[in-house]
Amino acid sequence: MDQIAYMDTAAATPIGTAYKQHFAARLDLRAGHTVVDLGCGPGTDLGRLAAATPGGRVIGIDRDPRMLAEARRRHPTAEVHESDLHALPLPDAGADRARTDRVLQHVDDPARVLAEARRVLRPGGLLGLAEPDWDTLAVADEDLVTSRAFARFVAGRVRNAAIGRDLVRLCVAAGFEVRNVTPVPVLFRDFATADAILGLRRNADRAVAAGALAGPAAATWVARQERGPVVAGFTCYMVISAAGG
């Protein structure tokens with residue numbers, strides 16, 4: 001699936017919509033705030049952030065030119081910059097809020113990104129983080145061996161698969177005061193959504209090609225998921241921290 005289409009699909013699910021609303025509320029966004037969206041992608045959240053900070057400044061940062069082009073298309077007045085999150089093109093202590101949403105799982109050095117977020121936030125500014133813990137992925141099936149092997153394979157494809165559970169430790173090490181930690185259960189009960197987000201078919205095919213799953217067992221496992229009932233999910237962690245003075 002195309003990455004932009006994947007992000008749009010995930011954001012549009014009931015779970016995605018609910019957690020994004022909760023995430024924005026936890027950030028305590030106010031009029032006049034300067035907010036930095038670290039890894040803004042195609043601008044999925046820029047409009048929501050701008051609406052919550054009238055008279056303020058919303059800055060999107062991403063290193064993917066294609067994502068930024070789409071963000072500009074969707075939000076022509078948005079301020080977006082092409083940059084590596086490990087070295088932000090922003091001054092010290094100039095932002096009131098910063099956020100990442102399922103971004104740290106992919107970066108080379110999450111600790112460095114958090115250090116940069118700490119640098120650009122004013123004392124008392126809030127950082128919001130939402131990241132999955134892919135090691136918690138589980139798909140219900142009578143063939144527990146195949147389900148476990150599938151989950152291990154999917155987690156193994158993510159650079160920082162357990163980042164969700166590490167957010168508190170990383171925030172404290174970067175000089176933040178952790179204000180709130182919320183585990184968000186992400187549960188799928190229909191095959192179409194589970195397949196779109198978790199890639200049941202495509203990742204099963206990849207696992208077979210990589211030798212992580214046996215072909216006949218994987219085909220039977222996927223067929224059972226298609227027939228249902230489906231129970232598949234993982235845990236996402238939402239952390240709100242304040243920059244120290």
# chains A, B, ... in the order shown; residues from 1 in each chain; ligands from 1
>>> select_by_dssp(residues="region 4-206 of chain A", states="strand (DSSP E)", output="compact mmCIF listing (two decimals) with N, CA, C and O atoms, in the first residue's frame")
# COMPACT_ATOMS: atom_id res chain seq x y z
N THR A 34 2.92 28.32 19.39
CA THR A 34 3.76 27.80 18.32
C THR A 34 3.90 26.30 18.53
O THR A 34 4.37 25.86 19.59
N VAL A 35 3.47 25.53 17.54
CA VAL A 35 3.45 24.07 17.65
C VAL A 35 4.30 23.47 16.54
O VAL A 35 4.17 23.86 15.37
N VAL A 36 5.15 22.52 16.88
CA VAL A 36 5.99 21.85 15.90
C VAL A 36 5.52 20.40 15.76
O VAL A 36 5.48 19.65 16.74
N ASP A 37 5.16 20.03 14.54
CA ASP A 37 4.75 18.65 14.24
C ASP A 37 5.95 17.94 13.64
O ASP A 37 6.30 18.14 12.47
N LEU A 38 6.60 17.11 14.44
CA LEU A 38 7.82 16.42 14.05
C LEU A 38 7.47 15.16 13.26
O LEU A 38 6.91 14.21 13.81
N ARG A 57 1.26 29.60 15.40
CA ARG A 57 2.14 29.18 14.32
C ARG A 57 2.30 27.66 14.39
O ARG A 57 2.67 27.12 15.45
N VAL A 58 1.98 27.00 13.30
CA VAL A 58 2.12 25.54 13.22
C VAL A 58 3.20 25.23 12.20
O VAL A 58 3.13 25.68 11.05
N ILE A 59 4.21 24.47 12.63
CA ILE A 59 5.36 24.17 11.79
C ILE A 59 5.43 22.66 11.58
O ILE A 59 5.53 21.90 12.55
N GLY A 60 5.41 22.23 10.33
CA GLY A 60 5.55 20.82 10.02
C GLY A 60 6.97 20.53 9.56
O GLY A 60 7.54 21.26 8.74
N ILE A 61 7.55 19.47 10.09
CA ILE A 61 8.91 19.06 9.74
C ILE A 61 8.87 17.62 9.24
O ILE A 61 8.30 16.74 9.88
N ASP A 62 9.49 17.38 8.08
CA ASP A 62 9.60 16.03 7.57
C ASP A 62 10.79 15.99 6.61
O ASP A 62 11.17 17.02 6.04
N GLU A 79 3.26 26.12 7.15
CA GLU A 79 4.71 26.32 7.20
C GLU A 79 5.35 24.95 7.38
O GLU A 79 5.27 24.36 8.46
N VAL A 80 5.97 24.44 6.33
CA VAL A 80 6.58 23.12 6.41
C VAL A 80 8.03 23.21 5.95
O VAL A 80 8.38 24.02 5.08
N HIS A 81 8.86 22.38 6.55
CA HIS A 81 10.30 22.41 6.26
C HIS A 81 10.80 21.00 6.02
O HIS A 81 10.44 20.06 6.74
N GLU A 82 11.66 20.84 5.03
CA GLU A 82 12.33 19.57 4.80
C GLU A 82 13.57 19.51 5.68
O GLU A 82 14.49 20.33 5.53
N ALA A 95 9.36 27.21 20.80
CA ALA A 95 8.08 26.54 20.60
C ALA A 95 7.38 26.29 21.93
O ALA A 95 8.02 26.04 22.95
N ASP A 96 6.05 26.34 21.88
CA ASP A 96 5.24 26.06 23.06
C ASP A 96 4.88 24.58 23.16
O ASP A 96 4.72 24.05 24.26
N ARG A 97 4.73 23.94 22.02
CA ARG A 97 4.34 22.54 21.97
C ARG A 97 5.09 21.86 20.83
O ARG A 97 5.40 22.46 19.80
N ALA A 98 5.35 20.56 21.01
CA ALA A 98 5.92 19.73 19.95
C ALA A 98 5.28 18.36 20.06
O ALA A 98 4.85 17.95 21.15
N ARG A 99 5.23 17.67 18.94
CA ARG A 99 4.59 16.35 18.95
C ARG A 99 5.21 15.44 17.90
O ARG A 99 5.74 15.90 16.88
N THR A 100 5.15 14.15 18.18
CA THR A 100 5.43 13.13 17.16
C THR A 100 4.32 12.10 17.26
O THR A 100 3.82 11.80 18.35
N ASP A 101 3.92 11.58 16.12
CA ASP A 101 2.84 10.60 16.08
C ASP A 101 3.29 9.43 15.22
O ASP A 101 3.33 9.53 13.99
N LEU A 121 11.87 23.58 22.57
CA LEU A 121 10.74 23.92 23.43
C LEU A 121 11.15 24.93 24.49
O LEU A 121 12.24 24.85 25.06
N ARG A 122 10.28 25.85 24.78
CA ARG A 122 10.52 26.79 25.88
C ARG A 122 10.37 26.03 27.19
O ARG A 122 9.73 24.97 27.25
N PRO A 123 10.95 26.53 28.29
CA PRO A 123 10.76 25.89 29.60
C PRO A 123 9.27 25.79 29.92
O PRO A 123 8.53 26.77 29.79
N GLY A 124 8.84 24.61 30.30
CA GLY A 124 7.43 24.38 30.58
C GLY A 124 6.62 23.97 29.37
O GLY A 124 5.46 23.58 29.50
N GLY A 125 7.22 24.05 28.17
CA GLY A 125 6.52 23.62 26.96
C GLY A 125 6.27 22.12 26.99
O GLY A 125 7.00 21.36 27.62
N LEU A 126 5.23 21.69 26.30
CA LEU A 126 4.84 20.28 26.33
C LEU A 126 5.23 19.54 25.06
O LEU A 126 5.14 20.08 23.95
N LEU A 127 5.66 18.31 25.26
CA LEU A 127 5.96 17.39 24.16
C LEU A 127 4.98 16.23 24.23
O LEU A 127 4.83 15.59 25.27
N GLY A 128 4.30 15.97 23.13
CA GLY A 128 3.40 14.83 23.05
C GLY A 128 3.97 13.76 22.14
O GLY A 128 4.42 14.06 21.03
N LEU A 129 3.95 12.53 22.60
CA LEU A 129 4.48 11.40 21.84
C LEU A 129 3.42 10.30 21.78
O LEU A 129 2.81 9.97 22.81
N ALA A 130 3.22 9.73 20.62
CA ALA A 130 2.34 8.57 20.47
C ALA A 130 3.06 7.55 19.62
O ALA A 130 3.39 7.81 18.47
N GLU A 131 3.34 6.39 20.22
CA GLU A 131 4.13 5.37 19.52
C GLU A 131 3.61 3.97 19.85
O GLU A 131 3.26 3.68 21.00
N PRO A 132 3.60 3.09 18.86
CA PRO A 132 3.18 1.71 19.10
C PRO A 132 4.29 0.89 19.75
O PRO A 132 5.47 1.23 19.65
N ASP A 133 3.88 -0.17 20.40
CA ASP A 133 4.81 -1.20 20.87
C ASP A 133 4.48 -2.45 20.05
O ASP A 133 3.53 -3.17 20.36
N TRP A 134 5.24 -2.66 18.98
CA TRP A 134 4.92 -3.75 18.07
C TRP A 134 5.17 -5.12 18.68
O TRP A 134 4.66 -6.14 18.17
N ASP A 135 5.92 -5.17 19.77
CA ASP A 135 6.10 -6.46 20.44
C ASP A 135 4.83 -6.93 21.13
O ASP A 135 4.77 -8.07 21.60
N THR A 136 3.82 -6.06 21.22
CA THR A 136 2.54 -6.46 21.82
C THR A 136 1.54 -6.94 20.77
O THR A 136 0.40 -7.30 21.12
N LEU A 137 1.93 -6.94 19.51
CA LEU A 137 1.01 -7.35 18.45
C LEU A 137 0.57 -8.80 18.66
O LEU A 137 1.38 -9.69 18.93
N ALA A 138 -0.74 -9.02 18.54
CA ALA A 138 -1.29 -10.37 18.67
C ALA A 138 -2.46 -10.52 17.71
O ALA A 138 -3.27 -9.60 17.56
N VAL A 139 -2.53 -11.66 17.07
CA VAL A 139 -3.65 -11.99 16.18
C VAL A 139 -4.23 -13.32 16.67
O VAL A 139 -3.52 -14.33 16.72
N PHE A 176 12.99 15.81 30.34
CA PHE A 176 11.57 16.12 30.43
C PHE A 176 10.99 15.61 31.75
O PHE A 176 11.47 14.62 32.31
N GLU A 177 9.93 16.26 32.18
CA GLU A 177 9.13 15.80 33.31
C GLU A 177 7.89 15.13 32.73
O GLU A 177 7.07 15.77 32.08
N VAL A 178 7.74 13.83 32.96
CA VAL A 178 6.61 13.09 32.40
C VAL A 178 5.34 13.44 33.16
O VAL A 178 5.27 13.27 34.38
N ARG A 179 4.36 13.94 32.45
CA ARG A 179 3.10 14.36 33.06
C ARG A 179 2.01 13.29 32.97
O ARG A 179 1.18 13.16 33.86
N ASN A 180 2.01 12.55 31.87
CA ASN A 180 0.91 11.60 31.67
C ASN A 180 1.37 10.47 30.75
O ASN A 180 2.05 10.72 29.76
N VAL A 181 0.98 9.26 31.10
CA VAL A 181 1.25 8.08 30.27
C VAL A 181 -0.08 7.34 30.08
O VAL A 181 -0.71 6.95 31.05
N THR A 182 -0.49 7.18 28.83
CA THR A 182 -1.76 6.52 28.54
C THR A 182 -1.54 5.37 27.57
O THR A 182 -1.10 5.59 26.44
N PRO A 183 -1.82 4.13 28.00
CA PRO A 183 -1.78 3.02 27.04
C PRO A 183 -3.07 3.02 26.23
O PRO A 183 -4.17 3.10 26.79
N VAL A 184 -2.94 2.94 24.94
CA VAL A 184 -4.10 2.97 24.06
C VAL A 184 -4.21 1.62 23.35
O VAL A 184 -3.37 1.28 22.52
N PRO A 185 -5.23 0.82 23.69
CA PRO A 185 -5.39 -0.45 22.98
C PRO A 185 -5.90 -0.22 21.57
O PRO A 185 -6.89 0.49 21.36
N VAL A 186 -5.23 -0.79 20.60
CA VAL A 186 -5.62 -0.67 19.20
C VAL A 186 -6.13 -2.04 18.77
O VAL A 186 -5.35 -2.98 18.62
N LEU A 187 -7.44 -2.15 18.61
CA LEU A 187 -8.07 -3.45 18.35
C LEU A 187 -8.85 -3.41 17.04
O LEU A 187 -9.62 -2.48 16.79
N PHE A 188 -8.65 -4.42 16.21
CA PHE A 188 -9.35 -4.54 14.94
C PHE A 188 -10.25 -5.77 14.99
O PHE A 188 -9.81 -6.86 15.38
>>> residues_around(residues="Ala111 (chain A)", least_positions_apart="6", cutoff="10 Å", atoms="only C-alpha atoms", output="list in words")
His86, Leu104, Ala117, Leu167, Arg169, Leu170, Cys171, Ala173 and Ala174 of chain A
>>> write_last_selection(atoms="C-alpha atoms", output="short mmCIF file (atom, residue, chain, number, x, y, z; two decimals), in the first residue's frame")
data_model
loop_
_atom_site.label_atom_id
_atom_site.label_comp_id
_atom_site.auth_asym_id
_atom_site.auth_seq_id
_atom_site.Cartn_x
_atom_site.Cartn_y
_atom_site.Cartn_z
CA HIS A 86 17.86 14.78 14.46
CA LEU A 104 10.09 7.61 16.53
CA ALA A 117 12.61 18.56 20.80
CA LEU A 167 9.10 6.63 25.80
CA ARG A 169 12.69 6.37 29.98
CA LEU A 170 13.80 8.34 26.94
CA CYS A 171 11.87 11.46 27.99
CA ALA A 173 16.88 10.99 30.02
CA ALA A 174 16.28 13.98 27.70
#
>>> select_by_dssp(residues="region 33-202 of chain A", states="helix (DSSP H, G or I)", output="NGL selection string")
:A and (46-52 or 65-74 or 110-120 or 144-156 or 163-173 or 191-198 or 200-202)
>>> residues_around(residues="Met67 (chain A)", least_positions_apart="5", cutoff="9 Å", atoms="only C-alpha atoms", output="count of residues only")
7
>>> residues_around(residues="region 208-215 of chain A", least_positions_apart="2", cutoff="10 Å", atoms="only C-alpha atoms", output="PDB file with all heavy atoms, in the first residue's frame")
ATOM      1  N   VAL A 145       1.138 -20.950  16.856  1.00  0.00           N
ATOM      2  CA  VAL A 145       2.524 -20.901  16.367  1.00  0.00           C
ATOM      3  C   VAL A 145       2.637 -19.934  15.185  1.00  0.00           C
ATOM      4  O   VAL A 145       3.543 -19.089  15.139  1.00  0.00           O
ATOM      5  CB  VAL A 145       3.007 -22.309  15.970  1.00  0.00           C
ATOM      6  CG1 VAL A 145       4.359 -22.228  15.269  1.00  0.00           C
ATOM      7  CG2 VAL A 145       3.105 -23.201  17.204  1.00  0.00           C
ATOM      8  N   THR A 146       1.724 -20.033  14.241  1.00  0.00           N
ATOM      9  CA  THR A 146       1.769 -19.142  13.088  1.00  0.00           C
ATOM     10  C   THR A 146       1.459 -17.704  13.483  1.00  0.00           C
ATOM     11  O   THR A 146       2.101 -16.766  12.997  1.00  0.00           O
ATOM     12  CB  THR A 146       0.783 -19.623  12.002  1.00  0.00           C
ATOM     13  OG1 THR A 146       1.197 -20.922  11.545  1.00  0.00           O
ATOM     14  CG2 THR A 146       0.752 -18.670  10.815  1.00  0.00           C
ATOM     15  N   SER A 147       0.488 -17.516  14.374  1.00  0.00           N
ATOM     16  CA  SER A 147       0.167 -16.163  14.833  1.00  0.00           C
ATOM     17  C   SER A 147       1.367 -15.504  15.503  1.00  0.00           C
ATOM     18  O   SER A 147       1.666 -14.326  15.253  1.00  0.00           O
ATOM     19  CB  SER A 147      -1.018 -16.191  15.810  1.00  0.00           C
ATOM     20  OG  SER A 147      -2.235 -16.318  15.118  1.00  0.00           O
ATOM     21  N   ALA A 149       4.547 -16.297  15.078  1.00  0.00           N
ATOM     22  CA  ALA A 149       5.599 -16.084  14.081  1.00  0.00           C
ATOM     23  C   ALA A 149       5.278 -14.869  13.216  1.00  0.00           C
ATOM     24  O   ALA A 149       6.174 -14.089  12.868  1.00  0.00           O
ATOM     25  CB  ALA A 149       5.762 -17.332  13.218  1.00  0.00           C
ATOM     26  N   PHE A 150       4.015 -14.689  12.868  1.00  0.00           N
ATOM     27  CA  PHE A 150       3.598 -13.514  12.099  1.00  0.00           C
ATOM     28  C   PHE A 150       3.886 -12.241  12.888  1.00  0.00           C
ATOM     29  O   PHE A 150       4.442 -11.272  12.353  1.00  0.00           O
ATOM     30  CB  PHE A 150       2.107 -13.602  11.769  1.00  0.00           C
ATOM     31  CG  PHE A 150       1.565 -12.371  11.096  1.00  0.00           C
ATOM     32  CD1 PHE A 150       1.653 -12.212   9.724  1.00  0.00           C
ATOM     33  CD2 PHE A 150       0.965 -11.360  11.842  1.00  0.00           C
ATOM     34  CE1 PHE A 150       1.156 -11.072   9.105  1.00  0.00           C
ATOM     35  CE2 PHE A 150       0.464 -10.220  11.229  1.00  0.00           C
ATOM     36  CZ  PHE A 150       0.564 -10.074   9.860  1.00  0.00           C
ATOM     37  N   ARG A 152       6.042 -11.750  15.328  1.00  0.00           N
ATOM     38  CA  ARG A 152       7.487 -11.534  15.428  1.00  0.00           C
ATOM     39  C   ARG A 152       8.045 -10.973  14.121  1.00  0.00           C
ATOM     40  O   ARG A 152       8.914 -10.098  14.123  1.00  0.00           O
ATOM     41  CB  ARG A 152       8.204 -12.841  15.787  1.00  0.00           C
ATOM     42  CG  ARG A 152       8.032 -13.265  17.237  1.00  0.00           C
ATOM     43  CD  ARG A 152       9.042 -14.346  17.610  1.00  0.00           C
ATOM     44  NE  ARG A 152       8.910 -15.533  16.768  1.00  0.00           N
ATOM     45  CZ  ARG A 152       8.127 -16.563  17.049  1.00  0.00           C
ATOM     46  NH1 ARG A 152       7.377 -16.546  18.140  1.00  0.00           N
ATOM     47  NH2 ARG A 152       8.078 -17.614  16.242  1.00  0.00           N
ATOM     48  N   PHE A 153       7.551 -11.464  13.016  1.00  0.00           N
ATOM     49  CA  PHE A 153       8.027 -10.988  11.716  1.00  0.00           C
ATOM     50  C   PHE A 153       7.680  -9.514  11.519  1.00  0.00           C
ATOM     51  O   PHE A 153       8.521  -8.719  11.093  1.00  0.00           O
ATOM     52  CB  PHE A 153       7.428 -11.830  10.594  1.00  0.00           C
ATOM     53  CG  PHE A 153       7.832 -11.370   9.217  1.00  0.00           C
ATOM     54  CD1 PHE A 153       9.080 -11.694   8.695  1.00  0.00           C
ATOM     55  CD2 PHE A 153       6.983 -10.579   8.449  1.00  0.00           C
ATOM     56  CE1 PHE A 153       9.465 -11.253   7.437  1.00  0.00           C
ATOM     57  CE2 PHE A 153       7.363 -10.133   7.187  1.00  0.00           C
ATOM     58  CZ  PHE A 153       8.609 -10.479   6.681  1.00  0.00           C
ATOM     59  N   ARG A 202      -0.281  -9.152   3.015  1.00  0.00           N
ATOM     60  CA  ARG A 202       1.020  -8.798   2.422  1.00  0.00           C
ATOM     61  C   ARG A 202       2.178  -9.194   3.331  1.00  0.00           C
ATOM     62  O   ARG A 202       3.219  -9.643   2.853  1.00  0.00           O
ATOM     63  CB  ARG A 202       1.077  -7.316   2.077  1.00  0.00           C
ATOM     64  CG  ARG A 202       1.020  -6.339   3.227  1.00  0.00           C
ATOM     65  CD  ARG A 202       1.095  -4.896   2.748  1.00  0.00           C
ATOM     66  NE  ARG A 202       1.024  -3.933   3.840  1.00  0.00           N
ATOM     67  CZ  ARG A 202      -0.105  -3.451   4.322  1.00  0.00           C
ATOM     68  NH1 ARG A 202      -1.266  -3.836   3.820  1.00  0.00           N
ATOM     69  NH2 ARG A 202      -0.080  -2.576   5.327  1.00  0.00           N
ATOM     70  N   ASN A 203       2.008  -9.047   4.648  1.00  0.00           N
ATOM     71  CA  ASN A 203       3.098  -9.432   5.545  1.00  0.00           C
ATOM     72  C   ASN A 203       3.218 -10.944   5.692  1.00  0.00           C
ATOM     73  O   ASN A 203       4.322 -11.456   5.914  1.00  0.00           O
ATOM     74  CB  ASN A 203       2.923  -8.763   6.909  1.00  0.00           C
ATOM     75  CG  ASN A 203       3.411  -7.325   6.902  1.00  0.00           C
ATOM     76  OD1 ASN A 203       4.433  -7.015   6.294  1.00  0.00           O
ATOM     77  ND2 ASN A 203       2.690  -6.437   7.563  1.00  0.00           N
ATOM     78  N   ALA A 204       2.104 -11.648   5.559  1.00  0.00           N
ATOM     79  CA  ALA A 204       2.192 -13.112   5.545  1.00  0.00           C
ATOM     80  C   ALA A 204       2.974 -13.565   4.312  1.00  0.00           C
ATOM     81  O   ALA A 204       3.828 -14.455   4.400  1.00  0.00           O
ATOM     82  CB  ALA A 204       0.803 -13.730   5.558  1.00  0.00           C
ATOM     83  N   ASP A 205       2.720 -12.931   3.170  1.00  0.00           N
ATOM     84  CA  ASP A 205       3.470 -13.273   1.949  1.00  0.00           C
ATOM     85  C   ASP A 205       4.959 -12.965   2.130  1.00  0.00           C
ATOM     86  O   ASP A 205       5.828 -13.747   1.712  1.00  0.00           O
ATOM     87  CB  ASP A 205       2.922 -12.493   0.756  1.00  0.00           C
ATOM     88  CG  ASP A 205       1.561 -12.994   0.295  1.00  0.00           C
ATOM     89  OD1 ASP A 205       1.183 -14.120   0.677  1.00  0.00           O
ATOM     90  OD2 ASP A 205       0.877 -12.251  -0.438  1.00  0.00           O
ATOM     91  N   ARG A 206       5.240 -11.819   2.721  1.00  0.00           N
ATOM     92  CA  ARG A 206       6.642 -11.454   2.958  1.00  0.00           C
ATOM     93  C   ARG A 206       7.304 -12.441   3.915  1.00  0.00           C
ATOM     94  O   ARG A 206       8.474 -12.813   3.728  1.00  0.00           O
ATOM     95  CB  ARG A 206       6.714 -10.047   3.536  1.00  0.00           C
ATOM     96  CG  ARG A 206       6.373  -8.933   2.563  1.00  0.00           C
ATOM     97  CD  ARG A 206       6.151  -7.628   3.289  1.00  0.00           C
ATOM     98  NE  ARG A 206       5.896  -6.507   2.380  1.00  0.00           N
ATOM     99  CZ  ARG A 206       5.363  -5.353   2.751  1.00  0.00           C
ATOM    100  NH1 ARG A 206       5.034  -5.158   4.025  1.00  0.00           N
ATOM    101  NH2 ARG A 206       5.157  -4.400   1.870  1.00  0.00           N
ATOM    102  N   ALA A 217       0.777 -23.264   5.865  1.00  0.00           N
ATOM    103  CA  ALA A 217       0.238 -22.808   7.143  1.00  0.00           C
ATOM    104  C   ALA A 217      -0.171 -21.348   7.070  1.00  0.00           C
ATOM    105  O   ALA A 217      -1.217 -20.945   7.601  1.00  0.00           O
ATOM    106  CB  ALA A 217       1.269 -23.015   8.250  1.00  0.00           C
ATOM    107  N   ALA A 218       0.643 -20.525   6.392  1.00  0.00           N
ATOM    108  CA  ALA A 218       0.323 -19.101   6.268  1.00  0.00           C
ATOM    109  C   ALA A 218      -0.945 -18.898   5.454  1.00  0.00           C
ATOM    110  O   ALA A 218      -1.795 -18.067   5.808  1.00  0.00           O
ATOM    111  CB  ALA A 218       1.493 -18.356   5.621  1.00  0.00           C
ATOM    112  N   ALA A 219      -1.102 -19.638   4.351  1.00  0.00           N
ATOM    113  CA  ALA A 219      -2.292 -19.502   3.512  1.00  0.00           C
ATOM    114  C   ALA A 219      -3.549 -19.884   4.291  1.00  0.00           C
ATOM    115  O   ALA A 219      -4.583 -19.208   4.185  1.00  0.00           O
ATOM    116  CB  ALA A 219      -2.146 -20.368   2.260  1.00  0.00           C
ATOM    117  N   THR A 220      -3.463 -20.959   5.040  1.00  0.00           N
ATOM    118  CA  THR A 220      -4.603 -21.398   5.843  1.00  0.00           C
ATOM    119  C   THR A 220      -4.918 -20.371   6.923  1.00  0.00           C
ATOM    120  O   THR A 220      -6.090 -20.070   7.200  1.00  0.00           O
ATOM    121  CB  THR A 220      -4.311 -22.768   6.477  1.00  0.00           C
ATOM    122  OG1 THR A 220      -4.040 -23.717   5.436  1.00  0.00           O
ATOM    123  CG2 THR A 220      -5.479 -23.251   7.308  1.00  0.00           C
ATOM    124  N   TRP A 221      -3.880 -19.833   7.539  1.00  0.00           N
ATOM    125  CA  TRP A 221      -4.037 -18.812   8.598  1.00  0.00           C
ATOM    126  C   TRP A 221      -4.723 -17.565   8.051  1.00  0.00           C
ATOM    127  O   TRP A 221      -5.671 -17.062   8.653  1.00  0.00           O
ATOM    128  CB  TRP A 221      -2.653 -18.487   9.156  1.00  0.00           C
ATOM    129  CG  TRP A 221      -2.603 -17.503  10.280  1.00  0.00           C
ATOM    130  CD1 TRP A 221      -2.772 -17.789  11.612  1.00  0.00           C
ATOM    131  CD2 TRP A 221      -2.329 -16.101  10.190  1.00  0.00           C
ATOM    132  NE1 TRP A 221      -2.629 -16.635  12.348  1.00  0.00           N
ATOM    133  CE2 TRP A 221      -2.350 -15.601  11.507  1.00  0.00           C
ATOM    134  CE3 TRP A 221      -2.056 -15.243   9.137  1.00  0.00           C
ATOM    135  CZ2 TRP A 221      -2.118 -14.252  11.785  1.00  0.00           C
ATOM    136  CZ3 TRP A 221      -1.829 -13.894   9.407  1.00  0.00           C
ATOM    137  CH2 TRP A 221      -1.865 -13.411  10.716  1.00  0.00           C
TER     138      TRP A 221
END
>>> closest_residue(among="A:Thr77, A:Gln225, A:Ser83, A:Gln105", to="Asp141 (chain A)", atoms="only C-alpha atoms")
A:Gln225
>>> closest_residue(among="A:Arg201, A:Arg118, A:Arg30, A:Arg189", to="Val231 (chain A)", atoms="only C-alpha atoms")
A:Arg189
>>> residues_around(residues="Ala11 (chain A)", least_positions_apart="5", cutoff="8 Å", atoms="only C-alpha atoms", output="list in words")
Gly16, Thr17, Lys20 and Thr44 of chain A
>>> closest_residue(among="A:Cys236, A:Leu88, A:Ala194, A:Ala31", to="Arg119 (chain A)", atoms="only C-alpha atoms")
A:Leu88
>>> atom_distance(atom1="CA of Asp28 (chain A)", atom2="CA of Val103 (chain A)")
20.7 Å
>>> closest_residue(among="A:Gly56, A:Gly175, A:Gly164, A:Pro216", to="Met238 (chain A)", atoms="only C-alpha atoms")
A:Gly164
